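A.B. asks: Encoded as structure tokens, here's the structure I'll be asking about.
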Amino acid sequence: MMSFTFETVVLIGALGLAVIGALGMVISNHLFRMLLALAIAESGANLLIVLTGFRAGGVAPILGAGDPAASMVDPIPQVLVLTAIVIGVGVQALAVALLIKVYQAYGTLDVRELRDRMDADVAAAAGVEADASQDAPAGGRPLSPAPSRGTAGFGRRSPAPADGLRP
Amino acid sequence: MRNLASLLFAGGLAFLLLAIASQLAFGTPSMRVGAEILAVAPDEVGAANLVTAVLLGYRGIDTLGELAILFAAATAAGVVLGRRHANARRDPPGGEVLRTGADLLFPLLLVVGLYVIAHGHLTPGGGFQGGVILAAAFFVIILAQPTRHLRHSLISWIEGLAGAAFILIGLWALVEDGDFLAPLLGQGAMGELLSAGTLPLLSLAIGLKVGAELAGIMAHIAEAEAPDA
Amino acid sequence: MITWVALVVVVLMLASAVAVLLLRSFVAAVAASSVVGLGLTVLFVLMRAPDVAMTEAAVGAGLSGVILALALRRLGLWHIEAAAEDRDRA
């Protein structure tokens with residue numbers, strides 16, 4: 001079982017950030033908030049990686065006057081996170097640039113509205129009605145649906161058979 | 001319904017992460033390469049800051065790849081945002097206090113950034129941190145006076161030359177020593193400003209490149225056309 | 001002692017991470033995400049990673065917030081009034 005130590009507290013923080021970020025990316029309906037959630041999840045991952053190199057009682061990996069190297073924390077995870085943070089801000093800036101372009105093109109960043117407008121655009125390019133359902137292809141069905149036999153359909157509503165099974 | 005599914009997803013994710021993390025043994029190193037590097041790096045590289053020694057000495061190609069990713073991101077942001085129209089609306093300039101403060105802050109930030117870059121092999125700091133501070137120095141000016149132009153051609157030149165310098169130093173080491181980006185020029189006395197061979201030069205190249213790229217990205221975003229609202 | 005400091009910082013960090021998702025004003029959400037970066041900086045210092053802490057302080061708490069705030073202006077989301085609404089609701 002986990003005890004109340006420094007590592008445990010930081011571990012809870014790192015996992016919490018990662019989970020909150022992932023949850024935010026799933027439930028939010030706004031692209032900008034998704035970007036913020038992505039940054040939070042990234043922070044959680046960075047914290048977890050640095051935590052793997054931490055050792056209680058260790059010193060920072062900088063050689064001073066007679067610090068023995070054996071008592072230092074592991075420098076490798078720190079280097080990895082150092083590059084990850086800078087790459088993260090580059091990715092964030094690229095995402096912001098894309099968001100600005102999306103906003104200029106569609107005038108909204110709400111995912112649901114964006115989906116509707118993009119559907120309308122695609123439908124207009126294809127020359128079909130915008131609000132046509134996917135189940136009803138443009139131009140009508142080439143054949144009428146085959147008569148179904150009784151209640152064999154999997155959850156699909158079929159016309160009731162006419163031979164008087166129904167009371 | 002969708003929110004319930006999301007909450008279930010988050011709960012499951014948290015449970016899985018906790019289950020994995022409870023297996024980790026904190027306090028004992030998960031890999032031996034860290035201890036090995038700690039033992040040999042002071043003699044092999046001669047940098048007091050072992051993080052910089054790993055970043056530029058042992059993982060130099062990794063850092064080069066990271067610079068390439070940042071370069072790709074900066075280029076892509078510039079391509080996506082494109083060139084602004086000549087008559088597009090600009091933000092109004094800041095007030096007198098803001099502009100004077102920005103002008104006063106600019107040289108101080110430059111000095112701090114260059115100090116952090118130059119002492120990266122001795123104290124915490126280095127090319128990435130100093131580069132970000134350099135970019136912030138230019139950005140304070142742009143924020144205070146949006147009408148002032150940042151010359152993108154100059155930024156591109158600095159970026160390209162710094163990147164080429166990093167690769168050239170690596171190739172030089174390849175010719176001299178047989179290993180790409182191997183430390184050259186002798187180690188010097190540890191703790192001196194001019195020590196640790198080529199590490200300060202590499203650090204300077206990274207600092208200029210990161211600073212120029214981030215300043216370029218932010219200038220592109222700042223120059224993007226504002227909505228009419 | 002260091003455990004309690006870490007506990008306070010972690011609680012602050014998680015609370016502002018939740019605030020990023022819940023606040024209706026985007027200006028406030030960006031500010032809350034900067035608070036997350038700041039808490040992360042403190043934790044990195046406590047974990048003896050001064051290089052990472054410097055980078056996180058410059059990037060996470062400074063540069064990233066500036067980029068996002070600038071993007072808010074370009075996206076037409078810079079509404080201080082919504083922030084006032086949040087305050088009234090709370």
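Note on naming: chains are A, B, ... as they come in the structure tokens, residues start from 1 per chain, ligands start from 1 in the order shown.
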Do me a favour and pick out the residues of chain C within 9 Å of chain B, using only C-alpha atoms, as a ChimeraX atom specification.

C.D. replies: /C:49-52,54-56,58-59,62-63,66-67,70-71,73-76

A.B. asks: DSSP on the backbone, then: every residue of range 60-213 of chain B marked helix (DSSP H, G or I), written as a ChimeraX atom specification.

C.D. replies: /B:60-81,96-118,127-144,152-177,199-213

A.B. asks: I'd like the neighbourhood of range 169-171 of chain B as a list in words, where a residue qualifies if any of its atoms comes within 9 Å (using only C-alpha atoms), though same-chain residues fewer than 4 positions away should be ignored.

C.D. replies: Gly60, Ala164, Ala165, Val175, Glu176, Asp179, Phe180, Leu181, Ala182, Pro183, Thr198, Leu201 and Leu202 of chain B

A.B. asks: Which residue gives the smallest distance to chain A among C:Ala57, C:Leu38, C:Met47, C:Ala32, with only C-alpha atoms counted?

C.D. replies: C:Met47

A.B. asks: Residues of chain A within 8 Å of chain B, counting only C-alpha atoms - could you list those as a PyMOL selection string?

C.D. replies: chain A and resi 2+7+15-16+19-20+22-23+26-27+52-56+61-64+69-70+72+74-76+78-79+83+86-87+90-91+93-94+97-98+100-101+104

A.B. asks: Show me, as a CSV table (one decimal) with all heavy atoms, in the first residue's frame, the residues of chain C whose atoms get within 6 Å of chain A, using only C-alpha atoms for the distance check.

C.D. replies:
chain,number,residue,atom,x,y,z
C,3,THR,N,7.4,17.0,2.1
C,3,THR,CA,6.2,16.3,1.7
C,3,THR,C,5.0,17.2,1.8
C,3,THR,O,4.1,17.2,0.9
C,3,THR,CB,6.0,15.1,2.5
C,3,THR,OG1,7.2,14.4,2.6
C,3,THR,CG2,4.9,14.2,2.0
C,10,VAL,N,0.7,20.3,-5.1
C,10,VAL,CA,-0.1,19.3,-5.9
C,10,VAL,C,-1.6,19.7,-5.9
C,10,VAL,O,-2.2,19.7,-6.9
C,10,VAL,CB,0.2,17.9,-5.5
C,10,VAL,CG1,-0.8,17.0,-6.0
C,10,VAL,CG2,1.6,17.5,-5.9
C,48,ARG,N,15.0,18.3,-7.3
C,48,ARG,CA,16.5,18.5,-7.7
C,48,ARG,C,16.7,18.5,-9.2
C,48,ARG,O,17.6,17.8,-9.7
C,48,ARG,CB,17.4,17.4,-7.1
C,48,ARG,CG,17.8,17.8,-5.7
C,48,ARG,CD,16.8,17.5,-4.8
C,48,ARG,NE,17.2,17.5,-3.4
C,48,ARG,CZ,16.4,17.3,-2.3
C,48,ARG,NH1,15.2,17.0,-2.6
C,48,ARG,NH2,16.9,17.4,-1.1
C,52,VAL,N,15.4,21.6,-15.6
C,52,VAL,CA,14.0,21.5,-16.1
C,52,VAL,C,13.1,22.5,-15.5
C,52,VAL,O,12.2,23.1,-16.1
C,52,VAL,CB,13.5,20.1,-15.7
C,52,VAL,CG1,12.2,19.8,-16.2
C,52,VAL,CG2,14.5,19.0,-16.1

A.B. asks: Quote the spacing between CA of His149 in chain B and CA of Ser34 in chain C in Å to one decimal place.

C.D. replies: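 Taking CA of His149 in chain B and CA of Ser34 in chain C, their separation equals 27.9 Å.
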